[in-house]
file final_22.pdb (PDB, C-alpha atoms)
ATOM      1  CA  MET A   1      39.682 -43.339  -9.350  1.00  0.00           C
ATOM      2  CA  HIS A   2      40.863 -46.436  -7.554  1.00  0.00           C
ATOM      3  CA  LEU A   3      38.711 -49.579  -7.858  1.00  0.00           C
ATOM      4  CA  GLU A   4      38.881 -52.929  -6.074  1.00  0.00           C
ATOM      5  CA  ILE A   5      36.702 -55.977  -6.718  1.00  0.00           C
ATOM      6  CA  ILE A   6      36.918 -58.474  -3.867  1.00  0.00           C
ATOM      7  CA  THR A   7      35.244 -61.862  -3.328  1.00  0.00           C
ATOM      8  CA  PRO A   8      35.394 -64.021  -0.189  1.00  0.00           C
ATOM      9  CA  ASP A   9      38.173 -66.043  -1.887  1.00  0.00           C
ATOM     10  CA  ARG A  10      40.378 -63.468  -3.588  1.00  0.00           C
ATOM     11  CA  LYS A  11      40.951 -59.979  -4.952  1.00  0.00           C
ATOM     12  CA  VAL A  12      39.725 -60.093  -8.561  1.00  0.00           C
ATOM     13  CA  PHE A  13      40.782 -56.591  -9.666  1.00  0.00           C
ATOM     14  CA  GLU A  14      42.660 -53.612  -8.275  1.00  0.00           C
ATOM     15  CA  GLY A  15      43.671 -50.562 -10.261  1.00  0.00           C
ATOM     16  CA  GLU A  16      42.906 -47.109 -11.596  1.00  0.00           C
ATOM     17  CA  VAL A  17      39.879 -46.634 -13.866  1.00  0.00           C
ATOM     18  CA  THR A  18      38.156 -43.631 -15.435  1.00  0.00           C
ATOM     19  CA  SER A  19      34.663 -45.136 -15.282  1.00  0.00           C
ATOM     20  CA  ALA A  20      32.852 -48.248 -14.076  1.00  0.00           C
ATOM     21  CA  GLN A  21      29.390 -49.521 -15.031  1.00  0.00           C
ATOM     22  CA  PHE A  22      27.575 -51.718 -12.527  1.00  0.00           C
ATOM     23  CA  PRO A  23      24.513 -54.010 -12.624  1.00  0.00           C
ATOM     24  CA  GLY A  24      22.575 -52.378  -9.787  1.00  0.00           C
ATOM     25  CA  ALA A  25      19.723 -54.204  -8.089  1.00  0.00           C
ATOM     26  CA  ASP A  26      17.379 -51.441  -9.339  1.00  0.00           C
ATOM     27  CA  GLY A  27      19.071 -50.960 -12.739  1.00  0.00           C
ATOM     28  CA  SER A  28      22.472 -50.320 -14.262  1.00  0.00           C
ATOM     29  CA  PHE A  29      24.478 -47.251 -13.294  1.00  0.00           C
ATOM     30  CA  GLU A  30      27.887 -45.719 -13.981  1.00  0.00           C
ATOM     31  CA  VAL A  31      30.424 -44.214 -11.600  1.00  0.00           C
ATOM     32  CA  LEU A  32      32.882 -41.556 -12.807  1.00  0.00           C
ATOM     33  CA  ASN A  33      35.681 -39.625 -11.111  1.00  0.00           C
ATOM     34  CA  ASN A  34      34.507 -37.417  -8.197  1.00  0.00           C
ATOM     35  CA  HIS A  35      31.181 -39.278  -7.902  1.00  0.00           C
ATOM     36  CA  ALA A  36      29.035 -38.534  -4.855  1.00  0.00           C
ATOM     37  CA  PRO A  37      29.310 -41.022  -1.964  1.00  0.00           C
ATOM     38  CA  LEU A  38      27.189 -44.097  -2.632  1.00  0.00           C
ATOM     39  CA  ILE A  39      26.403 -47.561  -1.331  1.00  0.00           C
ATOM     40  CA  ALA A  40      24.339 -49.788  -3.623  1.00  0.00           C
ATOM     41  CA  ALA A  41      23.276 -53.418  -3.924  1.00  0.00           C
ATOM     42  CA  LEU A  42      24.399 -55.256  -7.050  1.00  0.00           C
ATOM     43  CA  LYS A  43      22.752 -58.131  -8.904  1.00  0.00           C
ATOM     44  CA  ALA A  44      24.520 -60.744 -11.018  1.00  0.00           C
ATOM     45  CA  GLY A  45      25.892 -59.259 -14.232  1.00  0.00           C
ATOM     46  CA  ASP A  46      28.832 -57.557 -15.898  1.00  0.00           C
ATOM     47  CA  VAL A  47      30.973 -54.795 -14.393  1.00  0.00           C
ATOM     48  CA  THR A  48      32.502 -52.844 -17.289  1.00  0.00           C
ATOM     49  CA  LEU A  49      35.682 -50.927 -16.492  1.00  0.00           C
ATOM     50  CA  THR A  50      37.253 -48.237 -18.676  1.00  0.00           C
ATOM     51  CA  GLY A  51      40.905 -47.390 -18.083  1.00  0.00           C
ATOM     52  CA  GLY A  52      42.897 -44.229 -18.659  1.00  0.00           C
ATOM     53  CA  ALA A  53      44.188 -45.407 -22.054  1.00  0.00           C
ATOM     54  CA  GLY A  54      40.651 -46.168 -23.242  1.00  0.00           C
ATOM     55  CA  GLY A  55      40.994 -49.910 -22.620  1.00  0.00           C
ATOM     56  CA  ARG A  56      37.919 -51.805 -21.478  1.00  0.00           C
ATOM     57  CA  GLU A  57      37.630 -54.824 -19.223  1.00  0.00           C
ATOM     58  CA  VAL A  58      34.516 -56.793 -18.288  1.00  0.00           C
ATOM     59  CA  ILE A  59      34.261 -58.757 -15.043  1.00  0.00           C
ATOM     60  CA  ARG A  60      31.200 -60.901 -14.366  1.00  0.00           C
ATOM     61  CA  ILE A  61      29.983 -60.812 -10.762  1.00  0.00           C
ATOM     62  CA  GLU A  62      27.379 -62.899  -8.929  1.00  0.00           C
ATOM     63  CA  GLY A  63      25.926 -59.994  -6.958  1.00  0.00           C
ATOM     64  CA  GLY A  64      27.129 -58.049  -3.958  1.00  0.00           C
ATOM     65  CA  VAL A  65      27.505 -54.448  -2.860  1.00  0.00           C
ATOM     66  CA  VAL A  66      29.506 -51.413  -4.015  1.00  0.00           C
ATOM     67  CA  GLU A  67      30.754 -48.464  -1.984  1.00  0.00           C
ATOM     68  CA  VAL A  68      31.944 -45.198  -3.566  1.00  0.00           C
ATOM     69  CA  LEU A  69      33.758 -42.703  -1.331  1.00  0.00           C
ATOM     70  CA  ARG A  70      36.383 -40.047  -2.209  1.00  0.00           C
ATOM     71  CA  ASN A  71      37.367 -41.614  -5.577  1.00  0.00           C
ATOM     72  CA  ASN A  72      37.739 -45.067  -3.986  1.00  0.00           C
ATOM     73  CA  VAL A  73      35.340 -47.735  -5.232  1.00  0.00           C
ATOM     74  CA  ILE A  74      35.127 -51.083  -3.445  1.00  0.00           C
ATOM     75  CA  VAL A  75      33.007 -53.943  -4.756  1.00  0.00           C
ATOM     76  CA  LEU A  76      32.324 -56.809  -2.350  1.00  0.00           C
ATOM     77  CA  ALA A  77      31.064 -59.529  -4.695  1.00  0.00           C
ATOM     78  CA  GLU A  78      29.650 -62.939  -3.813  1.00  0.00           C
ATOM     79  CA  GLY A  79      31.701 -64.370  -6.681  1.00  0.00           C
ATOM     80  CA  ALA A  80      33.391 -63.139  -9.867  1.00  0.00           C
ATOM     81  CA  MET A  81      35.003 -64.258 -13.120  1.00  0.00           C
ATOM     82  CA  ALA A  82      37.467 -61.993 -14.925  1.00  0.00           C
TER
END
call {"tool": "encode", "arguments": {"input": "final_22.pdb", "output": "structure tokens"}}
result
Amino acid sequence: MHLEIITPDRKVFEGEVTSAQFPGADGSFEVLNNHAPLIAALKAGDVTLTGGAGGREVIRIEGGVVEVLRNNVIVLAEGAMA
């Protein structure tokens, strides 16, 4: 699935991932390929991305919102550090 993490200043990440774990406002959750459509609020915490080759990347966000639709995931974060 295609994932983008965007802040008001810049695009922090864009690429293909096999899974993404998010710090939801009501608890952590994971999004996998072909996930149902979703919009959720995010709190400050780590977004953990797993790539096709099994590589992992962690990006710290300062809160925001995530939208999942047709294998496209967009995170609008208030701030982020890769």
call {"tool": "resolve_selection", "arguments": {"input": "final_22.pdb", "expression": "the PyMOL selection byres ((chain A and resi 11-20) around 8)", "output": "number ranges by chain"}}
result
A: 1-7, 9-10, 21-22, 30-33, 47-52, 80-82
call {"tool": "residues_around", "arguments": {"input": "final_22.pdb", "residues": "Gly45 in chain A", "least_positions_apart": "3", "cutoff": "9 Å", "atoms": "all atoms listed in the file", "output": "ChimeraX atom specification"}}
result
/A:22-24,42,59-63
call {"tool": "closest_residue", "arguments": {"input": "final_22.pdb", "among": "A:Ala36, A:Ala25, A:Val58, A:Ala41", "to": "Val75 in chain A", "atoms": "only C-alpha atoms"}}
result
A:Ala41
call {"tool": "resolve_selection", "arguments": {"input": "final_22.pdb", "expression": "the PyMOL selection byres ((chain A and resi 37) around 8)", "output": "PyMOL selection string"}}
result
chain A and resi 35-36+38-39+67-70
call {"tool": "write_last_selection", "arguments": {"input": "final_22.pdb", "atoms": "C-alpha atoms", "output": "short mmCIF file (atom, residue, chain, number, x, y, z; two decimals), in the coordinates of the input"}}
result
data_model
loop_
_atom_site.label_atom_id
_atom_site.label_comp_id
_atom_site.auth_asym_id
_atom_site.auth_seq_id
_atom_site.Cartn_x
_atom_site.Cartn_y
_atom_site.Cartn_z
CA HIS A 35 31.18 -39.28 -7.90
CA ALA A 36 29.04 -38.53 -4.86
CA LEU A 38 27.19 -44.10 -2.63
CA ILE A 39 26.40 -47.56 -1.33
CA GLU A 67 30.75 -48.46 -1.98
CA VAL A 68 31.94 -45.20 -3.57
CA LEU A 69 33.76 -42.70 -1.33
CA ARG A 70 36.38 -40.05 -2.21
#
call {"tool": "atom_distance", "arguments": {"input": "final_22.pdb", "atom1": "CA of Asp46 in chain A", "atom2": "CA of Val65 in chain A"}}
result
13.5 Å
call {"tool": "axis_aligned_box", "arguments": {"input": "final_22.pdb", "around": "range 13-26 of chain A", "padding_each_side": "3 Å", "output": "JSON"}}
result
{"center_x": 30.5, "center_y": -50.1, "center_z": -11.8, "size_x": 32.3, "size_y": 19.0, "size_z": 13.3}
call {"tool": "atom_distance", "arguments": {"input": "final_22.pdb", "atom1": "CA of Pro8 in chain A", "atom2": "CA of Asn71 in chain A"}}
result
23.1 Å
call {"tool": "atom_distance", "arguments": {"input": "final_22.pdb", "atom1": "CA of Asn72 in chain A", "atom2": "CA of Asn34 in chain A"}}
result
9.3 Å
call {"tool": "build_atoms", "arguments": {"input": "final_22.pdb", "residues": "range 38-49 of chain A", "atoms": "all heavy atoms", "output": "CSV table (one decimal), in the coordinates of the input"}}
result
chain,number,residue,atom,x,y,z
A,38,LEU,N,28.3,-43.2,-2.3
A,38,LEU,CA,27.2,-44.1,-2.6
A,38,LEU,C,27.4,-45.5,-2.1
A,38,LEU,O,28.6,-45.9,-2.0
A,38,LEU,CB,27.1,-44.2,-4.2
A,38,LEU,CG,26.3,-45.3,-4.8
A,38,LEU,CD1,24.8,-44.9,-4.8
A,38,LEU,CD2,26.7,-45.4,-6.3
A,39,ILE,N,26.4,-46.1,-1.6
A,39,ILE,CA,26.4,-47.6,-1.3
A,39,ILE,C,25.2,-48.1,-2.0
A,39,ILE,O,24.1,-47.6,-1.9
A,39,ILE,CB,26.3,-47.8,0.2
A,39,ILE,CG1,27.6,-47.3,0.9
A,39,ILE,CG2,26.1,-49.3,0.4
A,39,ILE,CD1,27.5,-47.5,2.4
A,40,ALA,N,25.4,-49.2,-2.8
A,40,ALA,CA,24.3,-49.8,-3.6
A,40,ALA,C,24.5,-51.3,-3.7
A,40,ALA,O,25.6,-51.8,-3.7
A,40,ALA,CB,24.4,-49.2,-5.0
A,41,ALA,N,23.3,-52.0,-3.7
A,41,ALA,CA,23.3,-53.4,-3.9
A,41,ALA,C,23.5,-53.7,-5.4
A,41,ALA,O,23.0,-53.0,-6.3
A,41,ALA,CB,21.9,-54.0,-3.4
A,42,LEU,N,24.2,-54.8,-5.7
A,42,LEU,CA,24.4,-55.3,-7.0
A,42,LEU,C,23.8,-56.6,-7.3
A,42,LEU,O,23.8,-57.5,-6.4
A,42,LEU,CB,25.9,-55.3,-7.3
A,42,LEU,CG,26.7,-54.1,-7.1
A,42,LEU,CD1,28.2,-54.3,-7.3
A,42,LEU,CD2,26.2,-53.0,-8.1
A,43,LYS,N,23.3,-56.8,-8.5
A,43,LYS,CA,22.8,-58.1,-8.9
A,43,LYS,C,23.8,-58.8,-9.8
A,43,LYS,O,24.8,-58.2,-10.1
A,43,LYS,CB,21.4,-58.0,-9.6
A,43,LYS,CG,21.5,-57.3,-11.0
A,43,LYS,CD,20.2,-57.2,-11.6
A,43,LYS,CE,20.3,-56.4,-13.0
A,43,LYS,NZ,19.0,-56.3,-13.6
A,44,ALA,N,23.6,-60.0,-10.1
A,44,ALA,CA,24.5,-60.7,-11.0
A,44,ALA,C,24.5,-60.0,-12.4
A,44,ALA,O,23.5,-59.6,-12.9
A,44,ALA,CB,24.1,-62.2,-11.2
A,45,GLY,N,25.7,-59.9,-12.9
A,45,GLY,CA,25.9,-59.3,-14.2
A,45,GLY,C,27.3,-58.8,-14.5
A,45,GLY,O,28.2,-59.2,-13.8
A,46,ASP,N,27.5,-58.0,-15.5
A,46,ASP,CA,28.8,-57.6,-15.9
A,46,ASP,C,29.2,-56.2,-15.3
A,46,ASP,O,28.4,-55.3,-15.4
A,46,ASP,CB,28.9,-57.5,-17.4
A,46,ASP,CG,28.9,-58.8,-18.1
A,46,ASP,OD1,29.2,-59.8,-17.4
A,46,ASP,OD2,28.5,-58.9,-19.3
A,47,VAL,N,30.4,-56.1,-14.8
A,47,VAL,CA,31.0,-54.8,-14.4
A,47,VAL,C,31.9,-54.4,-15.5
A,47,VAL,O,32.8,-55.2,-15.8
A,47,VAL,CB,31.7,-54.9,-13.1
A,47,VAL,CG1,32.4,-53.6,-12.7
A,47,VAL,CG2,30.8,-55.3,-11.9
A,48,THR,N,31.7,-53.3,-16.2
A,48,THR,CA,32.5,-52.8,-17.3
A,48,THR,C,33.4,-51.7,-16.8
A,48,THR,O,32.9,-50.7,-16.4
A,48,THR,CB,31.6,-52.4,-18.5
A,48,THR,OG1,30.7,-53.4,-18.8
A,48,THR,CG2,32.5,-52.0,-19.7
A,49,LEU,N,34.7,-51.9,-16.9
A,49,LEU,CA,35.7,-50.9,-16.5
A,49,LEU,C,36.3,-50.3,-17.7
A,49,LEU,O,36.7,-51.0,-18.7
A,49,LEU,CB,36.7,-51.6,-15.7
A,49,LEU,CG,36.2,-52.5,-14.5
A,49,LEU,CD1,37.4,-53.2,-13.9
A,49,LEU,CD2,35.5,-51.7,-13.5
